[in-house]
file final_37.tsv (TSV, C-alpha atoms)
chain	number	residue	atom	x	y	z
A	1	MET	CA	2.09	23.13	21.02
A	2	SER	CA	1.03	24.40	17.61
A	3	LYS	CA	-1.24	22.20	15.55
A	4	VAL	CA	-0.05	21.16	12.12
A	5	GLY	CA	-2.34	21.42	9.09
A	6	ILE	CA	-1.98	20.63	5.41
A	7	VAL	CA	-4.11	22.69	3.01
A	8	THR	CA	-4.11	22.12	-0.74
A	9	GLY	CA	-4.66	24.91	-3.26
A	10	THR	CA	-3.30	27.78	-1.17
A	11	SER	CA	-2.21	30.18	-3.92
A	12	ARG	CA	-5.58	31.99	-3.87
A	13	GLY	CA	-9.22	31.99	-2.82
A	14	LEU	CA	-10.47	29.69	-0.12
A	15	GLY	CA	-7.16	27.84	0.40
A	16	TRP	CA	-5.36	31.13	0.98
A	17	ALA	CA	-8.08	32.43	3.33
A	18	LEU	CA	-8.19	29.18	5.31
A	19	SER	CA	-4.39	29.11	5.65
A	20	GLU	CA	-4.37	32.70	6.94
A	21	HIS	CA	-7.11	31.85	9.44
A	22	LEU	CA	-5.23	28.78	10.71
A	23	LEU	CA	-2.01	30.82	11.00
A	24	GLU	CA	-3.88	33.48	13.02
A	25	LYS	CA	-5.06	30.70	15.32
A	26	GLY	CA	-1.46	29.60	15.89
A	27	TRP	CA	-1.32	26.62	13.53
A	28	ILE	CA	1.68	25.55	11.48
A	29	VAL	CA	0.48	25.28	7.87
A	30	ALA	CA	1.96	23.44	4.91
A	31	GLY	CA	0.25	24.47	1.70
A	32	CYS	CA	0.64	23.63	-1.93
A	33	SER	CA	-0.37	24.74	-5.40
A	34	ARG	CA	0.94	24.66	-8.94
A	35	LEU	CA	2.12	28.25	-8.44
A	36	ALA	CA	5.03	29.34	-6.23
A	37	LYS	CA	2.65	31.54	-4.28
A	38	GLY	CA	1.01	31.30	-0.86
A	39	PRO	CA	0.54	33.28	2.35
A	40	ILE	CA	3.73	34.81	3.74
A	41	HIS	CA	4.17	33.82	7.36
A	42	LYS	CA	6.92	32.28	9.48
A	43	ARG	CA	4.71	29.27	10.25
A	44	TYR	CA	3.70	28.72	6.61
A	45	ARG	CA	5.64	26.50	4.22
A	46	HIS	CA	4.73	26.35	0.56
A	47	PHE	CA	5.21	23.38	-1.77
A	48	GLN	CA	4.91	24.02	-5.49
A	49	LEU	CA	3.41	20.88	-7.01
A	50	ASP	CA	0.61	19.37	-9.04
A	51	ILE	CA	-1.64	17.56	-6.55
A	52	ALA	CA	-2.00	14.66	-8.97
A	53	ASP	CA	1.79	14.12	-8.96
A	54	GLU	CA	1.87	11.22	-6.49
A	55	PRO	CA	5.64	11.04	-5.77
A	56	LYS	CA	5.79	14.80	-5.07
A	57	VAL	CA	2.71	14.66	-2.83
A	58	ILE	CA	4.14	11.73	-0.87
A	59	ALA	CA	7.48	13.51	-0.48
A	60	MET	CA	5.69	16.67	0.75
A	61	ILE	CA	3.59	14.86	3.35
A	62	ARG	CA	6.46	12.76	4.69
A	63	GLN	CA	8.67	15.84	4.89
A	64	VAL	CA	6.04	17.74	6.88
A	65	ALA	CA	5.51	14.75	9.19
A	66	THR	CA	9.25	14.30	9.73
A	67	ILE	CA	9.94	17.99	10.44
A	68	GLN	CA	6.81	18.73	12.52
A	69	GLY	CA	6.43	15.26	14.06
A	70	ARG	CA	2.70	15.11	13.32
A	71	ILE	CA	-0.16	16.14	11.03
A	72	ASP	CA	-3.36	17.15	12.84
A	73	ALA	CA	-5.49	18.13	9.89
A	74	LEU	CA	-5.79	17.90	6.12
A	75	VAL	CA	-8.07	20.12	4.07
A	76	ASN	CA	-8.43	18.92	0.47
A	77	ASN	CA	-9.35	22.26	-1.06
A	78	ALA	CA	-7.52	22.30	-4.42
A	79	GLY	CA	-9.78	21.74	-7.36
A	80	ILE	CA	-10.61	22.72	-10.90
A	81	ALA	CA	-13.97	23.31	-12.57
A	82	SER	CA	-15.27	23.13	-16.08
A	83	MET	CA	-18.60	24.20	-17.55
A	84	ASN	CA	-19.73	22.57	-20.73
A	85	SER	CA	-22.55	20.59	-22.23
A	86	LEU	CA	-22.07	16.92	-21.46
A	87	LEU	CA	-22.23	16.15	-25.18
A	88	LEU	CA	-19.45	18.62	-25.96
A	89	THR	CA	-17.09	17.70	-23.11
A	90	PRO	CA	-13.80	16.20	-24.34
A	91	THR	CA	-12.73	12.98	-22.61
A	92	ALA	CA	-9.44	14.63	-21.69
A	93	VAL	CA	-11.32	17.30	-19.72
A	94	ALA	CA	-13.36	14.70	-17.82
A	95	GLU	CA	-10.18	12.75	-17.11
A	96	ASN	CA	-8.31	15.81	-15.85
A	97	LEU	CA	-11.18	16.80	-13.53
A	98	MET	CA	-11.16	13.31	-12.03
A	99	ARG	CA	-7.37	13.34	-11.78
A	100	VAL	CA	-7.22	16.63	-9.87
A	101	ASN	CA	-10.51	16.73	-7.93
A	102	TYR	CA	-10.67	13.06	-6.97
A	103	LEU	CA	-7.30	11.31	-7.39
A	104	GLY	CA	-5.28	14.24	-6.04
A	105	ALA	CA	-7.48	14.37	-2.95
A	106	PHE	CA	-7.34	10.55	-2.66
A	107	VAL	CA	-3.53	10.49	-2.48
A	108	PHE	CA	-3.43	13.36	0.05
A	109	LEU	CA	-6.07	11.63	2.17
A	110	ARG	CA	-4.39	8.21	2.06
A	111	GLU	CA	-0.93	9.54	2.88
A	112	CYS	CA	-2.02	11.96	5.63
A	113	ALA	CA	-4.25	9.27	7.14
A	114	LYS	CA	-1.20	7.00	7.47
A	115	ILE	CA	0.46	9.62	9.68
A	116	MET	CA	-2.81	10.15	11.59
A	117	VAL	CA	-3.27	6.39	12.16
A	118	ARG	CA	0.10	6.36	13.95
A	119	GLN	CA	-1.07	9.32	16.10
A	120	ARG	CA	-4.54	7.80	16.62
A	121	MET	CA	-6.01	11.23	15.85
A	122	GLY	CA	-6.71	13.39	12.83
A	123	ARG	CA	-9.19	15.63	11.05
A	124	ILE	CA	-9.78	15.52	7.30
A	125	VAL	CA	-12.10	17.86	5.40
A	126	ASN	CA	-12.77	17.57	1.66
A	127	LEU	CA	-14.26	20.41	-0.38
A	128	SER	CA	-17.26	19.41	-2.48
A	129	THR	CA	-20.03	21.56	-3.94
A	130	VAL	CA	-23.83	22.03	-3.89
A	131	ALA	CA	-23.65	21.19	-7.59
A	132	VAL	CA	-23.56	17.48	-6.57
A	133	PRO	CA	-26.99	17.21	-4.88
A	134	LEU	CA	-28.46	19.69	-7.40
A	135	SER	CA	-27.22	17.58	-10.37
A	136	LEU	CA	-26.26	20.90	-11.93
A	137	GLN	CA	-26.57	20.88	-15.70
A	138	GLY	CA	-23.52	21.92	-17.65
A	139	GLU	CA	-21.23	20.58	-14.94
A	140	ALA	CA	-21.45	16.82	-15.52
A	141	ALA	CA	-17.74	16.02	-15.43
A	142	TYR	CA	-17.05	18.40	-12.51
A	143	VAL	CA	-20.02	17.09	-10.50
A	144	ALA	CA	-18.98	13.48	-11.15
A	145	SER	CA	-15.48	14.16	-9.81
A	146	LYS	CA	-16.89	15.83	-6.67
A	147	ALA	CA	-19.46	13.04	-6.21
A	148	ALA	CA	-16.55	10.59	-6.21
A	149	LEU	CA	-14.89	12.71	-3.53
A	150	GLU	CA	-18.07	12.65	-1.43
A	151	ALA	CA	-18.24	8.84	-1.72
A	152	LEU	CA	-14.58	8.64	-0.68
A	153	THR	CA	-15.40	10.88	2.30
A	154	ARG	CA	-18.12	8.51	3.53
A	155	VAL	CA	-16.17	5.27	3.12
A	156	ALA	CA	-12.96	6.76	4.53
A	157	SER	CA	-14.88	7.98	7.59
A	158	VAL	CA	-15.93	4.41	8.38
A	159	GLU	CA	-12.49	2.86	7.75
A	160	LEU	CA	-10.63	5.52	9.72
A	161	LYS	CA	-13.02	5.89	12.66
A	162	PRO	CA	-11.26	3.18	14.74
A	163	TYR	CA	-8.09	5.30	14.60
A	164	GLY	CA	-9.72	8.48	15.91
A	165	ILE	CA	-9.72	10.15	12.50
A	166	THR	CA	-12.77	12.04	11.23
A	167	VAL	CA	-13.46	12.61	7.54
A	168	ASN	CA	-16.10	15.11	6.44
A	169	ALA	CA	-16.92	17.28	3.46
A	170	ILE	CA	-18.22	20.80	2.99
A	171	GLY	CA	-20.24	21.66	-0.11
A	172	PRO	CA	-20.40	25.44	-0.57
A	173	GLY	CA	-22.63	27.18	-3.08
A	174	PRO	CA	-21.07	29.83	-5.30
A	175	VAL	CA	-18.29	31.65	-3.44
A	176	ASP	CA	-16.60	34.74	-4.82
A	177	THR	CA	-13.28	33.19	-5.88
A	178	ALA	CA	-11.34	32.76	-9.11
A	179	LEU	CA	-13.22	29.49	-9.70
A	180	THR	CA	-16.59	31.27	-10.06
A	181	ARG	CA	-15.47	34.53	-11.71
A	182	THR	CA	-15.67	33.01	-15.18
A	183	VAL	CA	-19.25	31.82	-14.66
A	184	PRO	CA	-21.93	34.18	-16.10
A	185	ARG	CA	-23.63	36.27	-13.39
A	186	ASN	CA	-27.14	35.12	-14.35
A	187	LYS	CA	-26.13	31.48	-13.82
A	188	ILE	CA	-24.67	32.30	-10.40
A	189	ASP	CA	-27.87	34.15	-9.44
A	190	ALA	CA	-30.04	31.23	-10.62
A	191	LEU	CA	-27.96	28.77	-8.62
A	192	ASN	CA	-28.15	30.95	-5.51
A	193	ARG	CA	-31.95	31.10	-5.85
A	194	ARG	CA	-32.11	27.28	-6.05
A	195	ILE	CA	-30.33	26.99	-2.69
A	196	GLY	CA	-32.32	29.78	-1.05
A	197	ARG	CA	-29.59	32.40	-1.04
A	198	THR	CA	-29.77	35.99	-2.13
A	199	GLU	CA	-26.05	36.58	-2.44
A	200	MET	CA	-22.70	34.87	-3.07
A	201	GLY	CA	-21.19	32.87	-0.23
A	202	SER	CA	-18.09	34.26	1.43
A	203	THR	CA	-14.77	32.55	2.09
A	204	THR	CA	-15.21	33.49	5.78
A	205	GLU	CA	-18.40	31.45	5.97
A	206	VAL	CA	-16.74	28.39	4.38
A	207	VAL	CA	-13.66	28.74	6.60
A	208	GLU	CA	-15.89	28.76	9.69
A	209	SER	CA	-17.65	25.60	8.51
A	210	ILE	CA	-14.31	23.86	7.96
A	211	MET	CA	-13.08	24.97	11.40
A	212	ARG	CA	-16.06	23.25	13.06
A	213	PHE	CA	-14.86	19.92	11.67
A	214	LEU	CA	-11.23	20.61	12.66
A	215	ASN	CA	-12.24	21.20	16.26
A	216	ASP	CA	-10.80	18.74	18.82
A	217	GLN	CA	-14.29	18.24	20.25
A	218	SER	CA	-15.84	17.25	16.91
A	219	GLY	CA	-14.76	13.59	17.07
A	220	GLY	CA	-18.35	12.34	16.80
A	221	HIS	CA	-18.97	14.15	13.54
A	222	THR	CA	-17.66	12.01	10.73
A	223	GLY	CA	-18.82	10.88	7.29
A	224	GLN	CA	-20.91	14.05	6.95
A	225	VAL	CA	-21.32	16.13	3.82
A	226	VAL	CA	-22.56	19.57	4.83
A	227	TYR	CA	-23.95	21.83	2.13
A	228	LEU	CA	-23.98	25.58	2.66
A	229	GLY	CA	-27.43	26.28	1.34
A	230	ALA	CA	-30.95	24.91	1.37
A	231	VAL	CA	-30.30	21.70	-0.52
B	1	MET	CA	19.88	-4.78	-8.72
B	2	ASN	CA	22.34	-7.67	-8.33
B	3	GLN	CA	21.90	-10.61	-5.96
B	4	THR	CA	24.36	-9.29	-3.36
B	5	THR	CA	22.60	-5.91	-3.18
B	6	LYS	CA	19.27	-7.70	-2.93
B	7	THR	CA	20.54	-9.90	-0.09
B	8	ASN	CA	21.92	-6.86	1.75
B	9	LEU	CA	18.63	-5.03	1.31
B	10	ARG	CA	16.72	-8.04	2.62
B	11	GLN	CA	19.00	-8.12	5.68
B	12	GLN	CA	17.96	-4.54	6.40
B	13	ILE	CA	14.25	-4.92	5.64
B	14	VAL	CA	13.45	-8.10	7.57
B	15	PRO	CA	14.63	-6.65	10.94
B	16	ILE	CA	12.53	-3.51	10.26
B	17	ILE	CA	9.42	-5.68	9.73
B	18	LEU	CA	10.22	-7.81	12.80
B	19	GLY	CA	10.73	-4.64	14.90
B	20	CYS	CA	7.33	-3.29	13.85
B	21	LEU	CA	5.75	-6.71	14.48
B	22	ALA	CA	7.16	-6.75	18.02
B	23	ILE	CA	5.60	-3.33	18.69
B	24	LEU	CA	2.26	-4.53	17.31
B	25	GLY	CA	2.54	-7.70	19.48
B	26	GLU	CA	2.94	-5.47	22.52
B	27	GLU	CA	-0.08	-3.33	21.52
B	28	ILE	CA	-2.43	-6.26	20.87
B	29	SER	CA	-1.01	-8.48	23.64
B	30	ARG	CA	0.29	-11.25	21.33
B	31	GLU	CA	3.59	-12.21	22.91
B	32	GLU	CA	4.48	-14.67	20.09
B	33	LEU	CA	4.85	-11.76	17.64
B	34	LYS	CA	7.92	-10.62	19.59
B	35	SER	CA	9.77	-13.77	18.49
B	36	ALA	CA	8.52	-13.74	14.89
B	37	ASP	CA	10.62	-14.86	11.91
B	38	GLU	CA	10.35	-14.80	8.12
B	39	ASN	CA	7.66	-17.51	8.16
B	40	THR	CA	5.38	-15.72	10.61
B	41	ARG	CA	1.91	-15.17	9.17
B	42	LEU	CA	0.63	-11.59	8.96
B	43	PHE	CA	-2.72	-12.34	7.45
B	44	GLY	CA	-5.66	-14.71	7.99
B	45	GLU	CA	-7.18	-16.27	11.12
B	46	LYS	CA	-4.02	-18.17	12.12
B	47	SER	CA	-2.00	-14.95	12.28
B	48	GLY	CA	-3.98	-13.50	15.20
B	49	ILE	CA	-3.68	-10.11	13.47
B	50	ASP	CA	-6.93	-8.46	12.41
B	51	SER	CA	-7.28	-6.04	9.47
B	52	ILE	CA	-6.71	-3.00	11.72
B	53	GLY	CA	-3.54	-4.63	13.08
B	54	LEU	CA	-2.30	-5.42	9.56
B	55	VAL	CA	-2.91	-1.86	8.36
B	56	THR	CA	-1.16	-0.47	11.46
B	57	LEU	CA	1.81	-2.78	10.85
B	58	LEU	CA	2.16	-1.91	7.16
B	59	ILE	CA	1.96	1.84	7.83
B	60	GLU	CA	4.67	1.53	10.48
B	61	VAL	CA	6.90	-0.53	8.15
B	62	GLU	CA	6.42	2.02	5.34
B	63	ALA	CA	7.34	4.91	7.67
B	64	ARG	CA	10.48	3.14	8.94
B	65	ILE	CA	11.64	2.21	5.42
B	66	SER	CA	11.31	5.91	4.59
B	67	GLN	CA	13.23	6.99	7.74
B	68	LYS	CA	15.94	4.32	7.78
B	69	LEU	CA	16.51	3.64	4.08
B	70	GLY	CA	15.39	6.99	2.63
B	71	LYS	CA	12.98	5.24	0.24
B	72	ASN	CA	9.48	6.74	-0.17
B	73	ILE	CA	7.66	3.53	-1.05
B	74	VAL	CA	3.88	3.05	-0.93
B	75	ILE	CA	2.79	-0.31	0.44
B	76	ALA	CA	-0.51	-0.71	-1.41
B	77	ASP	CA	-1.53	-3.64	-3.56
B	78	GLU	CA	-4.75	-4.78	-5.19
B	79	ARG	CA	-4.11	-8.30	-3.86
B	80	ALA	CA	-3.68	-6.98	-0.29
B	81	MET	CA	-6.74	-8.78	1.09
B	82	SER	CA	-6.32	-12.07	-0.84
B	83	LEU	CA	-5.63	-15.01	1.47
B	84	THR	CA	-3.69	-16.88	-1.21
B	85	HIS	CA	-2.08	-14.12	-3.24
B	86	SER	CA	-1.55	-11.25	-0.82
B	87	PRO	CA	2.06	-10.10	-0.75
B	88	PHE	CA	1.48	-9.44	2.95
B	89	ARG	CA	0.88	-13.12	3.89
B	90	ARG	CA	4.13	-13.61	5.79
B	91	VAL	CA	7.13	-11.60	6.92
B	92	GLY	CA	9.22	-13.09	4.09
B	93	THR	CA	6.71	-12.34	1.31
B	94	LEU	CA	6.33	-8.77	2.61
B	95	ALA	CA	10.13	-8.35	2.53
B	96	ASP	CA	10.21	-9.61	-1.09
B	97	TYR	CA	7.38	-7.24	-1.99
B	98	ILE	CA	9.20	-4.25	-0.48
B	99	ILE	CA	12.42	-5.14	-2.31
B	100	GLY	CA	10.33	-5.21	-5.52
B	101	LEU	CA	9.04	-1.69	-4.79
B	102	ILE	CA	12.53	-0.37	-4.11
B	103	GLU	CA	13.84	-2.04	-7.30
B	104	LYS	CA	11.23	-0.26	-9.45
B	105	PRO	CA	12.85	2.48	-11.54
call {"tool": "encode", "arguments": {"input": "final_37.tsv", "output": "structure tokens"}}
result
Amino acid sequence: MSKVGIVTGTSRGLGWALSEHLLEKGWIVAGCSRLAKGPIHKRYRHFQLDIADEPKVIAMIRQVATIQGRIDALVNNAGIASMNSLLLTPTAVAENLMRVNYLGAFVFLRECAKIMVRQRMGRIVNLSTVAVPLSLQGEAAYVASKAALEALTRVASVELKPYGITVNAIGPGPVDTALTRTVPRNKIDALNRRIGRTEMGSTTEVVESIMRFLNDQSGGHTGQVVYLGAV
Amino acid sequence: MNQTTKTNLRQQIVPIILGCLAILGEEISREELKSADENTRLFGEKSGIDSIGLVTLLIEVEARISQKLGKNIVIADERAMSLTHSPFRRVGTLADYIIGLIEKP
């Protein structure tokens, strides 16, 4: 029987790569993004939505659960970034980062966990960043939204453990995706040096890290935030 | 929503809650939950239902409301864990709460 996974932010980058990997492994994947674009595969279904649009997210998850009969895994990958001096960051930008990076992931987690509670099994992985433990300057609002997601990861792991659900987070360093292409090269290099890396991370490396947490045998690993670098 | 519609809705919702409660009673070996009624407590020491049992029950009710009535409600309330104000105190208060959610535009 194919496993069923939900991945957010599948129109490009890591979400796209992870979806393709899961599909290659025989999974059924439901993905979403604001764009009507995702991997083309008979076992892939795309939902065009804003992840902070609660009614649409709920409708998506319940539709997937009804059609497939279960949800084995959720990967909260969708996110937005913003670089700016703290003192020059508009409130609306800080609010939008929290809305997408934290609240969007919160609703996906809560609703998928409800399905997983009924199954008494599930795997949830949230995407964070090394910018959180590094307290990266120029990223205050972004880091705060991802720190909130890490805190959610830890508390959710405790509350959902009795139901056989694990909740973990992966915090990559800079990965060559659309999110990092607008960041000046010297800043990327400096960040890589801080985490002991000589080159950009790859989507393959992040996908492999996520897959470790999605593994059936990884039930003992929960509440962990794993950074891909020397942090 | 007029009173007749509300009464009809209540007549559909209460059996859904009681059905879920019977399943929970089976799972946690509390036979009395199989003969529950609108006054049956869902919360607090006297209910015999712990927080995991309550969460399991509410998730099941939410899923069945979605399947049977086609309404995508979210049973979540900031007073959920209040002994005196929780809308989940008894079967009847939960039914009223769900009707309130369905009534929302």
call {"tool": "atom_distance", "arguments": {"input": "final_37.tsv", "atom1": "CA of Ile58 in chain A", "atom2": "CA of Lys114 in chain A"}}
result
11.0 Å
call {"tool": "closest_residue", "arguments": {"input": "final_37.tsv", "among": "B:Asp77, B:Glu60, B:Asp50, B:Asp96", "to": "Ala22 in chain B", "atoms": "only C-alpha atoms"}}
result
B:Glu60
call {"tool": "interface_residues", "arguments": {"input": "final_37.tsv", "of": "chain B", "to": "chain A", "cutoff": "8 Å", "atoms": "all atoms listed in the file", "output": "ChimeraX atom specification"}}
result
/B:56,59-60,72
call {"tool": "atom_distance", "arguments": {"input": "final_37.tsv", "atom1": "CA of Val91 in chain B", "atom2": "CA of Val107 in chain A"}}
result
26.3 Å
call {"tool": "residues_around", "arguments": {"input": "final_37.tsv", "residues": "range 173-180 of chain A", "least_positions_apart": "2", "cutoff": "12 Å", "atoms": "all atoms listed in the file", "output": "PDB file with C-alpha atoms, in the coordinates of the input"}}
result
ATOM      1  CA  GLY A   9      -4.660  24.910  -3.260  1.00  0.00           C
ATOM      2  CA  SER A  11      -2.210  30.180  -3.920  1.00  0.00           C
ATOM      3  CA  ARG A  12      -5.580  31.990  -3.870  1.00  0.00           C
ATOM      4  CA  GLY A  13      -9.220  31.990  -2.820  1.00  0.00           C
ATOM      5  CA  LEU A  14     -10.470  29.690  -0.120  1.00  0.00           C
ATOM      6  CA  GLY A  15      -7.160  27.840   0.400  1.00  0.00           C
ATOM      7  CA  TRP A  16      -5.360  31.130   0.980  1.00  0.00           C
ATOM      8  CA  ALA A  17      -8.080  32.430   3.330  1.00  0.00           C
ATOM      9  CA  ASN A  77      -9.350  22.260  -1.060  1.00  0.00           C
ATOM     10  CA  ALA A  78      -7.520  22.300  -4.420  1.00  0.00           C
ATOM     11  CA  GLY A  79      -9.780  21.740  -7.360  1.00  0.00           C
ATOM     12  CA  ILE A  80     -10.610  22.720 -10.900  1.00  0.00           C
ATOM     13  CA  ALA A  81     -13.970  23.310 -12.570  1.00  0.00           C
ATOM     14  CA  SER A  82     -15.270  23.130 -16.080  1.00  0.00           C
ATOM     15  CA  MET A  83     -18.600  24.200 -17.550  1.00  0.00           C
ATOM     16  CA  LEU A 127     -14.260  20.410  -0.380  1.00  0.00           C
ATOM     17  CA  SER A 128     -17.260  19.410  -2.480  1.00  0.00           C
ATOM     18  CA  THR A 129     -20.030  21.560  -3.940  1.00  0.00           C
ATOM     19  CA  VAL A 130     -23.830  22.030  -3.890  1.00  0.00           C
ATOM     20  CA  ALA A 131     -23.650  21.190  -7.590  1.00  0.00           C
ATOM     21  CA  VAL A 132     -23.560  17.480  -6.570  1.00  0.00           C
ATOM     22  CA  PRO A 133     -26.990  17.210  -4.880  1.00  0.00           C
ATOM     23  CA  LEU A 134     -28.460  19.690  -7.400  1.00  0.00           C
ATOM     24  CA  LEU A 136     -26.260  20.900 -11.930  1.00  0.00           C
ATOM     25  CA  ILE A 170     -18.220  20.800   2.990  1.00  0.00           C
ATOM     26  CA  GLY A 171     -20.240  21.660  -0.110  1.00  0.00           C
ATOM     27  CA  THR A 182     -15.670  33.010 -15.180  1.00  0.00           C
ATOM     28  CA  VAL A 183     -19.250  31.820 -14.660  1.00  0.00           C
ATOM     29  CA  PRO A 184     -21.930  34.180 -16.100  1.00  0.00           C
ATOM     30  CA  ARG A 185     -23.630  36.270 -13.390  1.00  0.00           C
ATOM     31  CA  LYS A 187     -26.130  31.480 -13.820  1.00  0.00           C
ATOM     32  CA  ILE A 188     -24.670  32.300 -10.400  1.00  0.00           C
ATOM     33  CA  ASP A 189     -27.870  34.150  -9.440  1.00  0.00           C
ATOM     34  CA  ALA A 190     -30.040  31.230 -10.620  1.00  0.00           C
ATOM     35  CA  LEU A 191     -27.960  28.770  -8.620  1.00  0.00           C
ATOM     36  CA  ASN A 192     -28.150  30.950  -5.510  1.00  0.00           C
ATOM     37  CA  ARG A 193     -31.950  31.100  -5.850  1.00  0.00           C
ATOM     38  CA  ARG A 194     -32.110  27.280  -6.050  1.00  0.00           C
ATOM     39  CA  ILE A 195     -30.330  26.990  -2.690  1.00  0.00           C
ATOM     40  CA  GLY A 196     -32.320  29.780  -1.050  1.00  0.00           C
ATOM     41  CA  ARG A 197     -29.590  32.400  -1.040  1.00  0.00           C
ATOM     42  CA  THR A 198     -29.770  35.990  -2.130  1.00  0.00           C
ATOM     43  CA  GLU A 199     -26.050  36.580  -2.440  1.00  0.00           C
ATOM     44  CA  MET A 200     -22.700  34.870  -3.070  1.00  0.00           C
ATOM     45  CA  GLY A 201     -21.190  32.870  -0.230  1.00  0.00           C
ATOM     46  CA  SER A 202     -18.090  34.260   1.430  1.00  0.00           C
ATOM     47  CA  THR A 203     -14.770  32.550   2.090  1.00  0.00           C
ATOM     48  CA  THR A 204     -15.210  33.490   5.780  1.00  0.00           C
ATOM     49  CA  GLU A 205     -18.400  31.450   5.970  1.00  0.00           C
ATOM     50  CA  VAL A 206     -16.740  28.390   4.380  1.00  0.00           C
ATOM     51  CA  VAL A 207     -13.660  28.740   6.600  1.00  0.00           C
ATOM     52  CA  VAL A 226     -22.560  19.570   4.830  1.00  0.00           C
ATOM     53  CA  TYR A 227     -23.950  21.830   2.130  1.00  0.00           C
ATOM     54  CA  LEU A 228     -23.980  25.580   2.660  1.00  0.00           C
ATOM     55  CA  GLY A 229     -27.430  26.280   1.340  1.00  0.00           C
ATOM     56  CA  ALA A 230     -30.950  24.910   1.370  1.00  0.00           C
ATOM     57  CA  VAL A 231     -30.300  21.700  -0.520  1.00  0.00           C
TER      58      VAL A 231
END
